[in-house]
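Participant: Mind having a look at this structure? Questions to follow.
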Amino acid sequence: MKKILFTTLSALFTFAVIAQDTVRTDAKLTTATVYYGYGAELTHETKVNVNGNVKQIVINQLSTSIDVNSLQISVPENVALLSQKYSVFYPTSGVPIKSSNQKLQDSLTIMYTALRKNSSLMQIEEQTLDKTGKLIEAVMSNNGNKTVSSDEALKLINAYTTKIEKARTNIFNLKERETAINLTIADIQKRINEGSPAPVKTIKHYGQLILQVICKNSGEIPISLSYFTNNAGWTPLYDVRVTSKTNEIKLVYKASVTQTTGINWKQAKLTLSTGSPSLSTVAPLLSAWYLQLYVPQLYSEAMVPGMAVRRDARNSIQSTYKKEDKALADYSNDLETVDPSTLQEYTTLKESQLNTNFEIDLLYDIESDGQLHVVTIKDEKINAFLKNYAVPKLDKDAYLLAEIADWQTLDLLPGTANIIMDNTYLGKSFIDPNSTADTLNLSLGKDRRVAIKRSTVKDFTSTKTNGNTTKQTFTYEITVKNNKLTDVDLLLKDQYPISMEKDIEVKLENDGNATVNTEIGVLTWKLKLKPGESKKVRFTYTVKYPKDKRVSNL
């Protein structure tokens, strides 16, 4: 018996020592640096109590998809970090959740409590009724002995009768309630007997980091770690707010953040970076460029292994991009345009030689659901010159453009822009800062307050044949009118054809005082129109070609 007891105690002692060798903790996400396009660096912090016996620290609730090579771990100096191992932990069992049966059991408990309370109240009423009856008998007995006058006895009897009537009414109501409670209990019990066992709530898998350590001292130690994951990213989204009366333009810079890292970001600080660590950081090197004679081969895609597969993959990628663009457009349609001036106070802009970081001093909750979460970064009044632009040959409407100077200082990225004029949503445009021009032109939509008409002047348009040559003359007139209450600067464009054949001769007879680009045949007018003012421009060109031939695209 002593031997068995000693063995049992030894086993318990060994188990206790093993249990002390390992401590477990859940990591809390504190900061998420999200990169443009895709990629994010997540920073976690936690605290654990250690002593000299602790050999292993297990940190749970990390992302399920990380770049192990990017993992950075920080521990105090009194803790020696020997090794680290990352894996994805899949729980083998779940946690029972309250089913409908469990909820019915809770309701049944409440009903039984109500039944006991009802019974207690009924006992009180019955005792009140009994005591009141005895008091009436005592009053009648004393009245017979002339201890109490007849008037006083009558008043007491009336008062006690009222109490008796009230007590009987209460007892009746309590019995009715008792019947109702019993019926409810019977119904709940029947539903419980017909119900199914409680389901089990599965626990989501998560990333787990196991640290092998040597602890020199005892006490609570802080641990911080960071790593890179591809399963997150952000794309820019803009609101361009225009006030027509003052021509003031405000650019609201937003970010559409998405993540599928396997963990929900709870109360985390966001930093949005224009950098992209996923791109190669290795500078390119030139190698020898060899030439060889080209030998043409006749083949189809079916003859080349993998050709059709690559084409299908390319189509699949393009289809995916189109779906993502459509999802972003549909989502941004539902966005409420809010004034983010208060949020801008919490955004700090930090620039380096390679990228720009927007550090937002607010805590965000972003679920790991792949949905778009819109974050407002900043708003800024921009210096822009508003002008109208029209190509009546292609579109009869004029467009309002914002010509932005010094746009390089705005830290813009390619993205969709919601155009809002005088608090009215007009549509979408696209900001493409990948330009070497000094100014950035942003289309704000159609401006139908500028009327434009392009027509052929028949008196100066003709076709003549002289010998073996046919000569056609074309004359066009463009009429523009400013129907706005303010002055309009209009950039008007049209064109004449360019000959690619020696037998075809094109000559611009009248440029209508336009600026002419002879290489591409484009005519440009810069017109200033006062409110209600109209102007006309004309241009004429001729085309000569052999009479026995036809000219395409004329």
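Going through the structure tokens in order, the chains are called A, B, and so on, while each chain numbers its residues from 1 and the ligands are numbered from 1 in the order shown.
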I'd like the neighbourhood of A:Thr274 as a list of chain:residue names, where a residue qualifies if any of its atoms comes within 9 Å (using only C-alpha atoms), though same-chain residues fewer than 5 positions away should be ignored.
Facilitator: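 Everything that qualifies: A:Val34, A:Tyr35, A:Tyr36, A:Gly37, A:Leu354, A:Asn355, A:Thr356, A:Asn357, A:Phe358, A:Asp411, A:Leu413.
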Participant: Need to verify the contact set: A:Asp489, 9 Å, only C-alpha atoms, exclusion of same-chain residues closer than 4 positions in sequence. Can you return it as a VMD selection string?
Facilitator: chain A and resid 386 to 389 526 to 529
Participant: Take the residues from that selection and write them out as an mmCIF file, in the first residue's frame, keeping N, CA and C atoms.
Facilitator:
data_model
loop_
_atom_site.group_PDB
_atom_site.id
_atom_site.type_symbol
_atom_site.label_atom_id
_atom_site.label_comp_id
_atom_site.auth_asym_id
_atom_site.auth_seq_id
_atom_site.Cartn_x
_atom_site.Cartn_y
_atom_site.Cartn_z
ATOM 1 N N LEU A 386 -9.507 75.116 -62.537
ATOM 2 C CA LEU A 386 -10.633 74.459 -63.190
ATOM 3 C C LEU A 386 -10.781 74.961 -64.621
ATOM 4 N N LYS A 387 -10.903 74.032 -65.536
ATOM 5 C CA LYS A 387 -11.096 74.396 -66.935
ATOM 6 C C LYS A 387 -12.025 73.367 -67.573
ATOM 7 N N ASN A 388 -12.608 73.780 -68.693
ATOM 8 C CA ASN A 388 -13.465 72.865 -69.445
ATOM 9 C C ASN A 388 -12.688 72.304 -70.628
ATOM 10 N N TYR A 389 -13.028 71.096 -70.984
ATOM 11 C CA TYR A 389 -12.319 70.392 -72.048
ATOM 12 C C TYR A 389 -13.358 69.729 -72.938
ATOM 13 N N LYS A 526 -7.755 77.553 -77.237
ATOM 14 C CA LYS A 526 -7.943 77.966 -75.850
ATOM 15 C C LYS A 526 -8.856 79.176 -75.858
ATOM 16 N N LEU A 527 -10.107 78.944 -75.427
ATOM 17 C CA LEU A 527 -11.123 79.988 -75.509
ATOM 18 C C LEU A 527 -11.525 80.454 -74.117
ATOM 19 N N LYS A 528 -11.755 81.741 -74.000
ATOM 20 C CA LYS A 528 -12.294 82.327 -72.776
ATOM 21 C C LYS A 528 -13.691 82.847 -73.080
ATOM 22 N N LEU A 529 -14.656 82.384 -72.314
ATOM 23 C CA LEU A 529 -16.052 82.757 -72.545
ATOM 24 C C LEU A 529 -16.629 83.394 -71.300
#
Participant: Please provide the set of residues having any atom within 12 Å of A:Leu426, restricted to only C-alpha atoms, with same-chain residues fewer than 2 positions apart removed, written as an mmCIF file with all heavy atoms, in the first residue's frame.
Facilitator:
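Result went into result.cif, see below:
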data_model
loop_
_atom_site.group_PDB
_atom_site.id
_atom_site.type_symbol
_atom_site.label_atom_id
_atom_site.label_comp_id
_atom_site.auth_asym_id
_atom_site.auth_seq_id
_atom_site.Cartn_x
_atom_site.Cartn_y
_atom_site.Cartn_z
ATOM 1 N N ASP A 239 -12.053 60.957 -52.332
ATOM 2 C CA ASP A 239 -13.225 61.802 -52.531
ATOM 3 C C ASP A 239 -12.719 63.156 -52.996
ATOM 4 O O ASP A 239 -11.914 63.786 -52.298
ATOM 5 C CB ASP A 239 -14.023 61.983 -51.227
ATOM 6 C CG ASP A 239 -14.896 60.777 -50.916
ATOM 7 O OD1 ASP A 239 -14.980 59.878 -51.772
ATOM 8 O OD2 ASP A 239 -15.474 60.728 -49.822
ATOM 9 N N VAL A 240 -13.169 63.582 -54.163
ATOM 10 C CA VAL A 240 -12.808 64.907 -54.673
ATOM 11 C C VAL A 240 -14.041 65.792 -54.511
ATOM 12 O O VAL A 240 -15.042 65.612 -55.202
ATOM 13 C CB VAL A 240 -12.370 64.851 -56.144
ATOM 14 C CG1 VAL A 240 -12.018 66.240 -56.649
ATOM 15 C CG2 VAL A 240 -11.176 63.928 -56.292
ATOM 16 N N ARG A 241 -13.970 66.727 -53.579
ATOM 17 C CA ARG A 241 -15.105 67.601 -53.261
ATOM 18 C C ARG A 241 -14.871 68.969 -53.897
ATOM 19 O O ARG A 241 -13.855 69.620 -53.615
ATOM 20 C CB ARG A 241 -15.269 67.753 -51.748
ATOM 21 C CG ARG A 241 -15.545 66.441 -51.036
ATOM 22 C CD ARG A 241 -15.508 66.628 -49.523
ATOM 23 N NE ARG A 241 -15.868 65.414 -48.827
ATOM 24 C CZ ARG A 241 -17.113 65.063 -48.512
ATOM 25 N NH1 ARG A 241 -18.104 65.865 -48.837
ATOM 26 N NH2 ARG A 241 -17.361 63.940 -47.885
ATOM 27 N N VAL A 242 -15.808 69.372 -54.723
ATOM 28 C CA VAL A 242 -15.679 70.632 -55.453
ATOM 29 C C VAL A 242 -16.815 71.563 -55.040
ATOM 30 O O VAL A 242 -17.979 71.160 -55.001
ATOM 31 C CB VAL A 242 -15.717 70.397 -56.977
ATOM 32 C CG1 VAL A 242 -15.501 71.713 -57.727
ATOM 33 C CG2 VAL A 242 -14.676 69.374 -57.389
ATOM 34 N N ASN A 333 -19.782 52.761 -53.902
ATOM 35 C CA ASN A 333 -21.067 53.412 -54.163
ATOM 36 C C ASN A 333 -21.871 53.573 -52.885
ATOM 37 O O ASN A 333 -22.667 54.502 -52.740
ATOM 38 C CB ASN A 333 -21.876 52.589 -55.169
ATOM 39 C CG ASN A 333 -21.438 52.848 -56.590
ATOM 40 O OD1 ASN A 333 -20.851 53.890 -56.876
ATOM 41 N ND2 ASN A 333 -21.713 51.905 -57.477
ATOM 42 N N LEU A 400 -15.448 68.939 -67.240
ATOM 43 C CA LEU A 400 -14.772 69.835 -66.314
ATOM 44 C C LEU A 400 -13.523 69.142 -65.799
ATOM 45 O O LEU A 400 -13.584 68.030 -65.279
ATOM 46 C CB LEU A 400 -15.699 70.196 -65.146
ATOM 47 C CG LEU A 400 -15.150 71.212 -64.143
ATOM 48 C CD1 LEU A 400 -14.912 72.558 -64.812
ATOM 49 C CD2 LEU A 400 -16.120 71.377 -62.966
ATOM 50 N N ALA A 417 -11.615 57.636 -57.706
ATOM 51 C CA ALA A 417 -11.994 58.877 -57.031
ATOM 52 C C ALA A 417 -13.493 59.104 -57.190
ATOM 53 O O ALA A 417 -14.031 59.031 -58.294
ATOM 54 C CB ALA A 417 -11.227 60.063 -57.612
ATOM 55 N N ASN A 418 -14.180 59.348 -56.062
ATOM 56 C CA ASN A 418 -15.589 59.739 -56.086
ATOM 57 C C ASN A 418 -15.660 61.249 -56.280
ATOM 58 O O ASN A 418 -15.093 62.002 -55.483
ATOM 59 C CB ASN A 418 -16.283 59.343 -54.787
ATOM 60 C CG ASN A 418 -16.275 57.852 -54.553
ATOM 61 O OD1 ASN A 418 -16.552 57.078 -55.451
ATOM 62 N ND2 ASN A 418 -15.946 57.436 -53.343
ATOM 63 N N ILE A 419 -16.352 61.693 -57.318
ATOM 64 C CA ILE A 419 -16.469 63.116 -57.614
ATOM 65 C C ILE A 419 -17.743 63.646 -56.965
ATOM 66 O O ILE A 419 -18.844 63.168 -57.250
ATOM 67 C CB ILE A 419 -16.498 63.378 -59.133
ATOM 68 C CG1 ILE A 419 -15.291 62.703 -59.795
ATOM 69 C CG2 ILE A 419 -16.512 64.852 -59.409
ATOM 70 C CD1 ILE A 419 -13.961 63.179 -59.274
ATOM 71 N N ILE A 420 -17.593 64.634 -56.077
ATOM 72 C CA ILE A 420 -18.715 65.209 -55.338
ATOM 73 C C ILE A 420 -18.669 66.715 -55.521
ATOM 74 O O ILE A 420 -17.718 67.369 -55.095
ATOM 75 C CB ILE A 420 -18.630 64.858 -53.845
ATOM 76 C CG1 ILE A 420 -18.578 63.331 -53.675
ATOM 77 C CG2 ILE A 420 -19.794 65.440 -53.065
ATOM 78 C CD1 ILE A 420 -18.122 62.884 -52.321
ATOM 79 N N MET A 421 -19.670 67.259 -56.184
ATOM 80 C CA MET A 421 -19.735 68.694 -56.420
ATOM 81 C C MET A 421 -20.935 69.270 -55.696
ATOM 82 O O MET A 421 -22.069 68.818 -55.896
ATOM 83 C CB MET A 421 -19.813 69.005 -57.921
ATOM 84 C CG MET A 421 -19.885 70.498 -58.231
ATOM 85 S SD MET A 421 -19.812 70.866 -59.994
ATOM 86 C CE MET A 421 -18.103 70.486 -60.328
ATOM 87 N N ASP A 422 -20.662 70.255 -54.845
ATOM 88 C CA ASP A 422 -21.723 70.899 -54.058
ATOM 89 C C ASP A 422 -22.555 69.859 -53.307
ATOM 90 O O ASP A 422 -23.790 69.883 -53.321
ATOM 91 C CB ASP A 422 -22.621 71.759 -54.956
ATOM 92 C CG ASP A 422 -21.853 72.881 -55.621
ATOM 93 O OD1 ASP A 422 -20.871 73.357 -55.026
ATOM 94 O OD2 ASP A 422 -22.222 73.261 -56.746
ATOM 95 N N ASN A 423 -21.856 68.901 -52.692
ATOM 96 C CA ASN A 423 -22.464 67.824 -51.893
ATOM 97 C C ASN A 423 -23.351 66.896 -52.721
ATOM 98 O O ASN A 423 -24.207 66.192 -52.167
ATOM 99 C CB ASN A 423 -23.267 68.397 -50.723
ATOM 100 C CG ASN A 423 -22.385 69.120 -49.728
ATOM 101 O OD1 ASN A 423 -21.255 68.710 -49.469
ATOM 102 N ND2 ASN A 423 -22.886 70.213 -49.181
ATOM 103 N N THR A 424 -23.160 66.882 -54.047
ATOM 104 C CA THR A 424 -23.905 65.983 -54.922
ATOM 105 C C THR A 424 -22.937 65.027 -55.599
ATOM 106 O O THR A 424 -21.956 65.468 -56.213
ATOM 107 C CB THR A 424 -24.685 66.766 -55.994
ATOM 108 O OG1 THR A 424 -25.593 67.661 -55.348
ATOM 109 C CG2 THR A 424 -25.483 65.826 -56.886
ATOM 110 N N LYS A 428 -17.638 58.692 -60.905
ATOM 111 C CA LYS A 428 -16.288 58.265 -60.559
ATOM 112 C C LYS A 428 -15.292 58.735 -61.599
ATOM 113 O O LYS A 428 -15.624 58.915 -62.769
ATOM 114 C CB LYS A 428 -16.222 56.737 -60.439
ATOM 115 C CG LYS A 428 -17.041 56.186 -59.308
ATOM 116 C CD LYS A 428 -16.832 54.699 -59.174
ATOM 117 C CE LYS A 428 -17.648 54.167 -58.011
ATOM 118 N NZ LYS A 428 -17.247 54.766 -56.754
ATOM 119 N N SER A 429 -14.079 58.904 -61.132
ATOM 120 C CA SER A 429 -12.963 59.187 -62.012
ATOM 121 C C SER A 429 -11.801 58.317 -61.543
ATOM 122 O O SER A 429 -11.956 57.473 -60.652
ATOM 123 C CB SER A 429 -12.601 60.677 -61.984
ATOM 124 O OG SER A 429 -11.569 60.959 -62.921
ATOM 125 N N SER A 443 -10.331 64.490 -64.289
ATOM 126 C CA SER A 443 -11.654 64.716 -64.874
ATOM 127 C C SER A 443 -12.717 64.689 -63.790
ATOM 128 O O SER A 443 -12.818 63.728 -63.014
ATOM 129 C CB SER A 443 -11.950 63.643 -65.927
ATOM 130 O OG SER A 443 -13.248 63.814 -66.447
ATOM 131 N N LEU A 444 -13.521 65.755 -63.730
ATOM 132 C CA LEU A 444 -14.575 65.866 -62.715
ATOM 133 C C LEU A 444 -15.954 65.530 -63.260
ATOM 134 O O LEU A 444 -16.940 65.648 -62.551
ATOM 135 C CB LEU A 444 -14.574 67.281 -62.128
ATOM 136 C CG LEU A 444 -13.261 67.752 -61.500
ATOM 137 C CD1 LEU A 444 -13.410 69.166 -60.953
ATOM 138 C CD2 LEU A 444 -12.813 66.811 -60.406
ATOM 139 N N GLY A 445 -16.041 65.163 -64.541
ATOM 140 C CA GLY A 445 -17.323 64.788 -65.109
ATOM 141 C C GLY A 445 -17.814 65.781 -66.151
ATOM 142 O O GLY A 445 -17.190 66.807 -66.439
ATOM 143 N N LYS A 446 -18.966 65.471 -66.714
ATOM 144 C CA LYS A 446 -19.539 66.300 -67.777
ATOM 145 C C LYS A 446 -20.102 67.597 -67.210
ATOM 146 O O LYS A 446 -20.716 67.611 -66.149
ATOM 147 C CB LYS A 446 -20.633 65.534 -68.514
ATOM 148 C CG LYS A 446 -20.127 64.326 -69.289
ATOM 149 C CD LYS A 446 -21.245 63.655 -70.070
ATOM 150 C CE LYS A 446 -20.695 62.477 -70.877
ATOM 151 N NZ LYS A 446 -21.756 61.829 -71.690
ATOM 152 N N ASP A 447 -19.873 68.670 -67.961
ATOM 153 C CA ASP A 447 -20.402 69.990 -67.588
ATOM 154 C C ASP A 447 -21.353 70.439 -68.699
ATOM 155 O O ASP A 447 -20.940 71.016 -69.703
ATOM 156 C CB ASP A 447 -19.257 70.987 -67.419
ATOM 157 C CG ASP A 447 -19.737 72.308 -66.819
ATOM 158 O OD1 ASP A 447 -20.968 72.473 -66.683
ATOM 159 O OD2 ASP A 447 -18.889 73.154 -66.491
#
Participant: Could you tell me which of A:Lys204, A:Lys131, A:Lys493, A:Arg454 comes closest to A:Thr515 if we count only C-alpha atoms?
Facilitator: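 Answer, going by the shortest atom-to-atom distance: A:Lys493.
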